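Student: Sending over a structure as structure tokens; questions will come in a sec.
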Protein chains: 2
Amino acid sequence: MISQKAKYAFHALIALARADDTLLAREIADQENIPRKFLEQILLDLKRHGILQSRRGRTGGYALLEPANRITFGKVLRIVDGPVAPLPCLSRIAYRPCPDCGPEEDCEIRRVFAKVAEAARDVLDRTTIADAISVDSLLKTVSRLESAESNPALVRTLQGI
Amino acid sequence: MISQKAKYAFHALIALARADDTLLAREIADQENIPRKFLEQILLDLKRHGILQSRRGRTGGYALLEPANRITFGKVLRIVDGPVAPLPCLSRIAYRPCPDCGPEEDCEIRRVFAKVAEAARDVLDRTTIADAISVDSLLKTVSRLESAESNPALVRTLQGI
DNA sequence: CTAATGTCTACTGATCCTATAGAGTATTAG
DNA sequence: CTAATACTCTATAGGATCAGTAGACATTAG
């Protein structure tokens, strides 16, 4: 399970990418139903990692620093929740050998979870905030068409993208 | 990250599958370096879920109830660590709607993590304890041959299985 | 100056993780 | 029958993490 914090981070980044402009922490918090002070911590963390820029004072706010099509879900998840890998001995950002296993090439558990990690990274490191939004608006558009014109097959096809 | 408890569970199940016989909790604990009383809780839990059988008293011990090729990593992980899904609204064993998201078909986050979940389940629900062992012993055999006969390419090929 | 906004640090209650402890029950060798 | 052995069940506890909350401080526009 990903943390609540990570979900908030994704909601905030998606809101910022949609707005394509700077937003106040309060605006994001209200719009996405996120506790304001908690959100500020998250935004600050994303800023420290170069994903956001911010401006203080009266005309302050947060905006994307990297373009939305360069911000992957994996990158955000690693910042907010830590390693994506299911085992410490499979982590790239926080490698640690498993103390209770022998040599790694002999570990059956590691071998299985290496495949899990690879599969997860394949999605997380290739999908960006921009992808999530674009597929989303496409779907919403089609969804409206669908309700008017009754073409559920197309919707289902697109949902498989 | 999977819990220490889950790692212990896998180690214990692999030991039992290898032994192909009943083992004492103490034997497993010693052999796999697992705190005995902690291991007993885990084994008991696996028993309650129909994976192990046990016998008390002087000739007691634990043994697999299901055959090793029917015990998937996913099943064990769900027993010990709970849901495999990265979001409550994607769990099959513990579905709960995300309180902060709107309608599920519109949620960009859910859509991305649905793919992550599917990829992870694809590995976890198809790989059994028997698979882990058989690939493992195959590898070990080849590894010995390799060190004697210098055929690292074959080893690498098999490691990709 | 002052009002609005981001920055930083500290704190807290709840829950989970990783065990540890011990009393109780079943089984059987002798 | 008894002692020894091994699983069964419940309780407890220290530490870490999670999900916020709070408040003092810094920066900016007007």
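FYI, nothing fancy with the structure tokens labels: chains A, B, ... in order, residues from 1 per chain, ligands from 1 as they appear.
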Could you pull out the alpha helix (DSSP H) residues of region 22-95 of chain A, going by DSSP on the backbone, and write them as a PyMOL selection string?

Tutor: chain A and resi 25-32+36-48+73-81

Student: Could you please take those selected residues and save C-alpha atoms as a compact mmCIF listing (two decimals), in the first residue's frame?

Tutor:
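The resulting file, result28.txt, is reproduced below:
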```txt
# COMPACT_ATOMS: atom_id res chain seq x y z
CA ALA A 25 -1.03 25.65 -1.07
CA ARG A 26 -4.43 26.62 0.29
CA GLU A 27 -6.04 26.37 -3.13
CA ILE A 28 -4.67 22.90 -3.68
CA ALA A 29 -5.62 21.87 -0.17
CA ASP A 30 -9.20 23.08 -0.55
CA GLN A 31 -9.66 21.72 -4.01
CA GLU A 32 -8.21 18.29 -3.24
CA ARG A 36 -3.21 22.36 4.55
CA LYS A 37 -0.21 22.10 6.84
CA PHE A 38 0.35 18.49 5.91
CA LEU A 39 0.26 19.39 2.25
CA GLU A 40 2.82 22.13 2.81
CA GLN A 41 5.28 19.58 4.16
CA ILE A 42 4.78 17.46 1.09
CA LEU A 43 5.13 20.34 -1.36
CA LEU A 44 8.26 21.47 0.41
CA ASP A 45 9.73 18.03 0.07
CA LEU A 46 8.91 17.96 -3.64
CA LYS A 47 10.54 21.35 -3.95
CA ARG A 48 13.72 20.20 -2.25
CA PHE A 73 5.20 8.24 -10.64
CA GLY A 74 8.24 6.29 -9.54
CA LYS A 75 10.25 9.41 -8.84
CA VAL A 76 7.50 10.91 -6.71
CA LEU A 77 6.92 7.68 -4.86
CA ARG A 78 10.62 7.35 -4.02
CA ILE A 79 10.69 10.89 -2.65
CA VAL A 80 7.60 10.56 -0.52
CA ASP A 81 7.45 6.89 0.47
```

Student: Can you pull out the residues contacting Ile109 (chain B)? Cut-off 9 Å, using only C-alpha atoms (C1' of nucleotides), and skip same-chain residues under 5 positions away; I want them as a list in words.

Tutor: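 Contacts, with the query itself left out: Lys7, Phe10, His11 and Ala132 of chain A; Ala114 of chain B.
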
Student: May I have chain A as a compact mmCIF listing (two decimals) with C-alpha atoms, in the first residue's frame, after a least-squares superposition on chain B that uses all C-alpha atoms paired in order?

Tutor:
```
# COMPACT_ATOMS: atom_id res chain seq x y z
CA MET A 1 8.68 -3.42 1.22
CA ILE A 2 7.45 -6.77 2.46
CA SER A 3 7.64 -7.39 6.19
CA GLN A 4 10.22 -9.44 8.03
CA LYS A 5 7.36 -11.73 8.96
CA ALA A 6 6.65 -12.48 5.31
CA LYS A 7 10.30 -13.23 4.65
CA TYR A 8 10.30 -15.65 7.56
CA ALA A 9 7.15 -17.29 6.20
CA PHE A 10 8.75 -17.85 2.81
CA HIS A 11 11.94 -19.21 4.35
CA ALA A 12 9.93 -21.62 6.46
CA LEU A 13 7.76 -22.81 3.57
CA ILE A 14 10.78 -23.32 1.36
CA ALA A 15 12.48 -25.31 4.10
CA LEU A 16 9.37 -27.46 4.54
CA ALA A 17 9.02 -28.01 0.81
CA ARG A 18 12.69 -29.00 0.54
CA ALA A 19 12.46 -31.36 3.49
CA ASP A 20 9.29 -32.91 2.08
CA ASP A 21 8.56 -34.07 5.62
CA THR A 22 7.40 -32.66 8.94
CA LEU A 23 9.83 -30.35 10.69
CA LEU A 24 9.87 -29.01 14.22
CA ALA A 25 9.39 -25.30 14.68
CA ARG A 26 12.73 -25.32 16.47
CA GLU A 27 14.46 -27.01 13.55
CA ILE A 28 13.17 -24.44 11.11
CA ALA A 29 14.01 -21.62 13.49
CA ASP A 30 17.58 -22.80 13.98
CA GLN A 31 18.18 -23.60 10.37
CA GLU A 32 16.75 -20.34 9.04
CA ASN A 33 17.78 -18.05 11.89
CA ILE A 34 14.27 -17.08 12.88
CA PRO A 35 13.24 -16.28 16.49
CA ARG A 36 11.42 -19.42 17.58
CA LYS A 37 8.34 -17.95 19.22
CA PHE A 38 7.86 -15.47 16.42
CA LEU A 39 8.07 -18.27 13.90
CA GLU A 40 5.45 -20.25 15.78
CA GLN A 41 2.98 -17.40 15.39
CA ILE A 42 3.63 -17.35 11.68
CA LEU A 43 3.33 -21.10 11.24
CA LEU A 44 0.11 -21.09 13.22
CA ASP A 45 -1.30 -18.44 10.96
CA LEU A 46 -0.34 -20.44 7.88
CA LYS A 47 -2.00 -23.44 9.45
CA ARG A 48 -5.22 -21.56 10.10
CA HIS A 49 -5.29 -20.66 6.43
CA GLY A 50 -4.94 -24.27 5.34
CA ILE A 51 -1.39 -24.15 4.05
CA LEU A 52 0.21 -26.20 6.82
CA GLN A 53 -0.82 -29.04 9.06
CA SER A 54 0.63 -29.61 12.47
CA ARG A 55 0.79 -32.22 15.14
CA ARG A 56 1.29 -31.56 18.80
CA GLY A 57 3.20 -33.46 21.43
CA ARG A 58 6.28 -35.55 21.34
CA THR A 59 6.19 -36.47 17.67
CA GLY A 60 4.84 -33.11 16.66
CA GLY A 61 5.90 -30.70 13.96
CA TYR A 62 4.71 -28.88 10.89
CA ALA A 63 4.30 -30.07 7.33
CA LEU A 64 2.81 -28.70 4.13
CA LEU A 65 -0.86 -29.45 3.71
CA GLU A 66 -1.15 -28.05 0.22
CA PRO A 67 1.42 -29.29 -2.29
CA ALA A 68 4.26 -26.81 -2.88
CA ASN A 69 3.17 -26.25 -6.47
CA ARG A 70 -0.19 -24.92 -5.26
CA ILE A 71 1.18 -22.43 -2.76
CA THR A 72 1.69 -19.12 -4.53
CA PHE A 73 3.76 -16.25 -3.21
CA GLY A 74 0.70 -14.04 -3.49
CA LYS A 75 -1.37 -16.26 -1.25
CA VAL A 76 1.28 -16.29 1.46
CA LEU A 77 1.84 -12.57 1.21
CA ARG A 78 -1.88 -11.86 1.59
CA ILE A 79 -2.06 -14.03 4.70
CA VAL A 80 0.97 -12.55 6.39
CA ASP A 81 1.12 -8.94 5.17
CA GLY A 82 -2.42 -8.29 4.06
CA PRO A 83 -3.46 -6.83 0.70
CA VAL A 84 -1.00 -6.86 -2.17
CA ALA A 85 -2.75 -3.93 -3.86
CA PRO A 86 -1.07 -0.51 -3.59
CA LEU A 87 -4.41 1.23 -2.97
CA PRO A 88 -7.38 0.12 -0.86
CA CYS A 89 -9.68 0.76 -3.82
CA LEU A 90 -7.71 -1.83 -5.82
CA SER A 91 -7.70 -4.60 -3.26
CA ARG A 92 -9.62 -7.78 -3.85
CA ILE A 93 -9.36 -9.13 -0.33
CA ALA A 94 -9.95 -5.81 1.46
CA TYR A 95 -11.66 -3.41 -0.92
CA ARG A 96 -12.36 0.04 0.45
CA PRO A 97 -13.10 3.12 -1.61
CA CYS A 98 -10.54 5.93 -1.36
CA PRO A 99 -12.33 8.60 0.65
CA ASP A 100 -10.46 11.47 -0.98
CA CYS A 101 -10.98 10.51 -4.61
CA GLY A 102 -14.07 11.03 -6.69
CA PRO A 103 -15.63 8.36 -8.90
CA GLU A 104 -13.12 5.58 -9.44
CA GLU A 105 -13.24 5.54 -13.21
CA ASP A 106 -12.06 9.18 -13.19
CA CYS A 107 -9.14 8.71 -10.78
CA GLU A 108 -5.80 9.09 -12.56
CA ILE A 109 -3.89 7.67 -9.62
CA ARG A 110 -6.03 4.60 -9.45
CA ARG A 111 -5.60 4.00 -13.14
CA VAL A 112 -1.81 4.05 -12.93
CA PHE A 113 -1.61 1.89 -9.84
CA ALA A 114 -4.09 -0.58 -11.29
CA LYS A 115 -1.41 -1.39 -13.83
CA VAL A 116 1.21 -1.72 -11.11
CA ALA A 117 -1.05 -4.06 -9.17
CA GLU A 118 -1.78 -6.15 -12.22
CA ALA A 119 1.92 -6.50 -13.02
CA ALA A 120 2.77 -7.50 -9.47
CA ARG A 121 -0.08 -10.02 -9.25
CA ASP A 122 0.99 -11.49 -12.52
CA VAL A 123 4.21 -12.59 -10.87
CA LEU A 124 3.00 -13.26 -7.34
CA ASP A 125 -0.06 -15.32 -8.23
CA ARG A 126 1.73 -17.41 -10.82
CA THR A 127 4.88 -18.24 -8.91
CA THR A 128 4.72 -21.05 -6.38
CA ILE A 129 7.06 -22.29 -3.68
CA ALA A 130 7.80 -25.27 -5.93
CA ASP A 131 8.81 -22.95 -8.78
CA ALA A 132 11.16 -21.06 -6.51
CA ILE A 133 12.81 -24.25 -5.35
CA SER A 134 13.08 -25.94 -8.70
CA VAL A 135 14.59 -22.97 -10.47
CA ASP A 136 16.85 -22.64 -7.49
CA SER A 137 18.21 -26.17 -7.47
CA LEU A 138 18.61 -26.03 -11.22
CA LEU A 139 20.64 -22.88 -10.84
CA LYS A 140 22.78 -24.30 -8.10
CA THR A 141 23.56 -27.36 -10.13
CA VAL A 142 24.43 -25.31 -13.15
CA SER A 143 26.41 -22.97 -10.96
CA ARG A 144 28.59 -25.85 -9.81
CA LEU A 145 29.06 -27.02 -13.36
CA GLU A 146 29.87 -23.50 -14.35
CA SER A 147 32.60 -23.04 -11.80
CA ALA A 148 34.17 -26.27 -13.02
CA GLU A 149 33.61 -25.80 -16.72
CA SER A 150 33.39 -22.06 -17.15
CA ASN A 151 30.15 -21.50 -18.98
CA PRO A 152 28.88 -18.22 -17.49
CA ALA A 153 26.57 -17.55 -20.44
CA LEU A 154 24.35 -20.50 -19.58
CA VAL A 155 24.11 -19.38 -15.98
CA ARG A 156 23.07 -15.94 -17.02
CA THR A 157 20.47 -17.36 -19.36
CA LEU A 158 18.98 -19.48 -16.62
CA GLN A 159 18.95 -16.58 -14.21
CA GLY A 160 16.60 -14.86 -16.61
CA ILE A 161 14.02 -17.63 -16.33
```

Student: When DSSP works through the backbone of this structure, what residues of region 17-92 of chain A end up as strand (DSSP E or B), shown as a VMD selection string?

Tutor: chain A and resid 23 52 to 55 61 to 64 72

Student: Would you write out, as a tab-separated table, a table of all residues in chain C that have an atom no more than 12 Å from an atom of chain B, listing for each the closest atom pair and the distance in Å to one decimal, considering only C-alpha atoms (C1' of nucleotides) and ordering rows by chain and rising residue number?

Tutor:
```
residue	atom	partner	partner_atom	distance
C:DC16	C1'	B:Ser3	CA	10.8
C:DC17	C1'	B:Ser3	CA	8.0
C:DT18	C1'	B:Gln4	CA	8.1
C:DA19	C1'	B:Phe38	CA	6.3
C:DT20	C1'	B:Lys37	CA	7.6
C:DA21	C1'	B:Lys37	CA	9.3
C:DG22	C1'	B:Lys37	CA	11.3
C:DT25	C1'	B:Arg56	CA	9.0
C:DA26	C1'	B:Arg56	CA	5.7
C:DT27	C1'	B:Gly57	CA	4.1
C:DT28	C1'	B:Arg58	CA	5.9
C:DA29	C1'	B:Arg58	CA	8.3
```

Student: I need the chosen residues saved as a PDB file, in the first residue's frame, with N, CA and C atoms (P, O5', C5', C4', C3', O3' and C1' of nucleotides).

Tutor:
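Resulting contents of selection01.pdb:
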```
ATOM      1  P    DC C  16      -3.083  -0.929  12.382  1.00  0.00           P
ATOM      2  O5'  DC C  16      -1.522  -1.213  12.152  1.00  0.00           O
ATOM      3  C5'  DC C  16      -0.799  -0.394  11.233  1.00  0.00           C
ATOM      4  C4'  DC C  16       0.664  -0.797  11.260  1.00  0.00           C
ATOM      5  C3'  DC C  16       0.908  -2.301  11.224  1.00  0.00           C
ATOM      6  O3'  DC C  16       1.963  -2.534  10.279  1.00  0.00           O
ATOM      7  C1'  DC C  16       2.016  -1.361  13.082  1.00  0.00           C
ATOM      8  P    DC C  17       2.424  -4.010   9.898  1.00  0.00           P
ATOM      9  O5'  DC C  17       3.859  -4.122  10.566  1.00  0.00           O
ATOM     10  C5'  DC C  17       4.773  -3.036  10.411  1.00  0.00           C
ATOM     11  C4'  DC C  17       6.044  -3.338  11.179  1.00  0.00           C
ATOM     12  C3'  DC C  17       6.483  -4.794  11.119  1.00  0.00           C
ATOM     13  O3'  DC C  17       7.877  -4.822  10.853  1.00  0.00           O
ATOM     14  C1'  DC C  17       6.269  -4.116  13.376  1.00  0.00           C
ATOM     15  P    DT C  18       8.625  -6.231  10.614  1.00  0.00           P
ATOM     16  O5'  DT C  18       9.124  -6.631  12.065  1.00  0.00           O
ATOM     17  C5'  DT C  18      10.077  -5.803  12.712  1.00  0.00           C
ATOM     18  C4'  DT C  18      10.397  -6.371  14.066  1.00  0.00           C
ATOM     19  C3'  DT C  18      10.633  -7.890  14.068  1.00  0.00           C
ATOM     20  O3'  DT C  18      11.766  -8.187  14.875  1.00  0.00           O
ATOM     21  C1'  DT C  18       9.042  -7.315  15.692  1.00  0.00           C
ATOM     22  P    DA C  19      12.521  -9.584  14.648  1.00  0.00           P
ATOM     23  O5'  DA C  19      11.447 -10.673  15.131  1.00  0.00           O
ATOM     24  C5'  DA C  19      11.587 -11.353  16.353  1.00  0.00           C
ATOM     25  C4'  DA C  19      11.247 -10.453  17.539  1.00  0.00           C
ATOM     26  C3'  DA C  19      11.322 -11.207  18.845  1.00  0.00           C
ATOM     27  O3'  DA C  19      12.523 -10.868  19.524  1.00  0.00           O
ATOM     28  C1'  DA C  19       9.413  -9.727  18.753  1.00  0.00           C
ATOM     29  P    DT C  20      13.163 -12.045  20.421  1.00  0.00           P
ATOM     30  O5'  DT C  20      12.255 -11.957  21.743  1.00  0.00           O
ATOM     31  C5'  DT C  20      12.134 -10.711  22.411  1.00  0.00           C
ATOM     32  C4'  DT C  20      11.321 -10.915  23.670  1.00  0.00           C
ATOM     33  C3'  DT C  20      11.558 -12.257  24.364  1.00  0.00           C
ATOM     34  O3'  DT C  20      11.770 -11.999  25.744  1.00  0.00           O
ATOM     35  C1'  DT C  20       9.246 -11.946  23.963  1.00  0.00           C
ATOM     36  P    DA C  21      12.059 -13.240  26.760  1.00  0.00           P
ATOM     37  O5'  DA C  21      10.619 -13.516  27.378  1.00  0.00           O
ATOM     38  C5'  DA C  21       9.745 -12.425  27.628  1.00  0.00           C
ATOM     39  C4'  DA C  21       8.599 -12.932  28.490  1.00  0.00           C
ATOM     40  C3'  DA C  21       8.871 -14.287  29.140  1.00  0.00           C
ATOM     41  O3'  DA C  21       8.459 -14.228  30.495  1.00  0.00           O
ATOM     42  C1'  DA C  21       6.930 -14.413  27.759  1.00  0.00           C
ATOM     43  P    DG C  22       8.683 -15.484  31.483  1.00  0.00           P
ATOM     44  O5'  DG C  22       7.230 -16.142  31.543  1.00  0.00           O
ATOM     45  C5'  DG C  22       6.076 -15.306  31.656  1.00  0.00           C
ATOM     46  C4'  DG C  22       4.840 -16.156  31.490  1.00  0.00           C
ATOM     47  C3'  DG C  22       5.007 -17.584  32.046  1.00  0.00           C
ATOM     48  O3'  DG C  22       3.783 -17.999  32.636  1.00  0.00           O
ATOM     49  C1'  DG C  22       4.343 -17.686  29.817  1.00  0.00           C
ATOM     50  P    DT C  25      -5.900 -26.019  29.462  1.00  0.00           P
ATOM     51  O5'  DT C  25      -5.405 -26.798  28.154  1.00  0.00           O
ATOM     52  C5'  DT C  25      -5.662 -26.251  26.869  1.00  0.00           C
ATOM     53  C4'  DT C  25      -5.065 -27.169  25.819  1.00  0.00           C
ATOM     54  C3'  DT C  25      -5.442 -28.643  26.005  1.00  0.00           C
ATOM     55  O3'  DT C  25      -5.794 -29.164  24.733  1.00  0.00           O
ATOM     56  C1'  DT C  25      -3.102 -28.439  25.866  1.00  0.00           C
ATOM     57  P    DA C  26      -6.558 -30.565  24.653  1.00  0.00           P
ATOM     58  O5'  DA C  26      -5.519 -31.393  23.782  1.00  0.00           O
ATOM     59  C5'  DA C  26      -5.160 -30.900  22.495  1.00  0.00           C
ATOM     60  C4'  DA C  26      -3.925 -31.638  22.029  1.00  0.00           C
ATOM     61  C3'  DA C  26      -4.066 -33.155  21.988  1.00  0.00           C
ATOM     62  O3'  DA C  26      -3.597 -33.570  20.721  1.00  0.00           O
ATOM     63  C1'  DA C  26      -2.129 -32.558  23.195  1.00  0.00           C
ATOM     64  P    DT C  27      -3.934 -35.013  20.177  1.00  0.00           P
ATOM     65  O5'  DT C  27      -2.582 -35.817  20.392  1.00  0.00           O
ATOM     66  C5'  DT C  27      -1.378 -35.300  19.800  1.00  0.00           C
ATOM     67  C4'  DT C  27      -0.187 -36.052  20.362  1.00  0.00           C
ATOM     68  C3'  DT C  27      -0.389 -37.559  20.508  1.00  0.00           C
ATOM     69  O3'  DT C  27       0.422 -38.195  19.524  1.00  0.00           O
ATOM     70  C1'  DT C  27       0.766 -36.610  22.375  1.00  0.00           C
ATOM     71  P    DT C  28       0.333 -39.766  19.296  1.00  0.00           P
ATOM     72  O5'  DT C  28       1.598 -40.250  20.131  1.00  0.00           O
ATOM     73  C5'  DT C  28       2.864 -39.627  19.925  1.00  0.00           C
ATOM     74  C4'  DT C  28       3.836 -40.093  20.998  1.00  0.00           C
ATOM     75  C3'  DT C  28       3.794 -41.605  21.277  1.00  0.00           C
ATOM     76  O3'  DT C  28       5.105 -42.029  21.560  1.00  0.00           O
ATOM     77  C1'  DT C  28       3.513 -40.464  23.262  1.00  0.00           C
ATOM     78  P    DA C  29       5.781 -43.186  20.696  1.00  0.00           P
ATOM     79  O5'  DA C  29       7.184 -43.324  21.445  1.00  0.00           O
ATOM     80  C5'  DA C  29       7.957 -42.138  21.666  1.00  0.00           C
ATOM     81  C4'  DA C  29       8.756 -42.275  22.959  1.00  0.00           C
ATOM     82  C3'  DA C  29       9.280 -43.672  23.253  1.00  0.00           C
ATOM     83  O3'  DA C  29      10.552 -43.530  23.879  1.00  0.00           O
ATOM     84  C1'  DA C  29       7.781 -43.020  24.984  1.00  0.00           C
TER      85       DA C  29
END
```

Student: I need the contact residues of chain D against chain A, so if you could list those with any atom within 6 Å, counting only C-alpha atoms (C1' of nucleotides), and return them as a PyMOL selection string, that would help.

Tutor: chain D and resi 27-29

Student: To one decimal place, how far is C1' of DG30 (chain C) from C1' of DT5 (chain D) in Å?

Tutor: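 Computed distance, C1' of DG30 (chain C) to C1' of DT5 (chain D), equals 13.6 Å.
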
Student: Grab the C1' of DG23 (chain D) to C1' of DA14 (chain C) distance for me, in Å with one decimal place.

Tutor: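 One can read the C1' of DG23 (chain D) to C1' of DA14 (chain C) distance as 22.6 Å.
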
Student: What is the C1' of DA4 (chain C)-C1' of DT21 (chain D) distance in Å, reported with one decimal?

Tutor: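 Spanning C1' of DA4 (chain C) to C1' of DT21 (chain D) is a straight-line distance of 20.8 Å.
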
Student: Set the distance at 12 Å and use only C-alpha atoms (C1' of nucleotides): which residues neighbour DC25 (chain D) once local chain neighbours fewer than 4 positions away are removed? I'd like the list as an MDAnalysis selection string.

Tutor: chainID C and resid 6:9
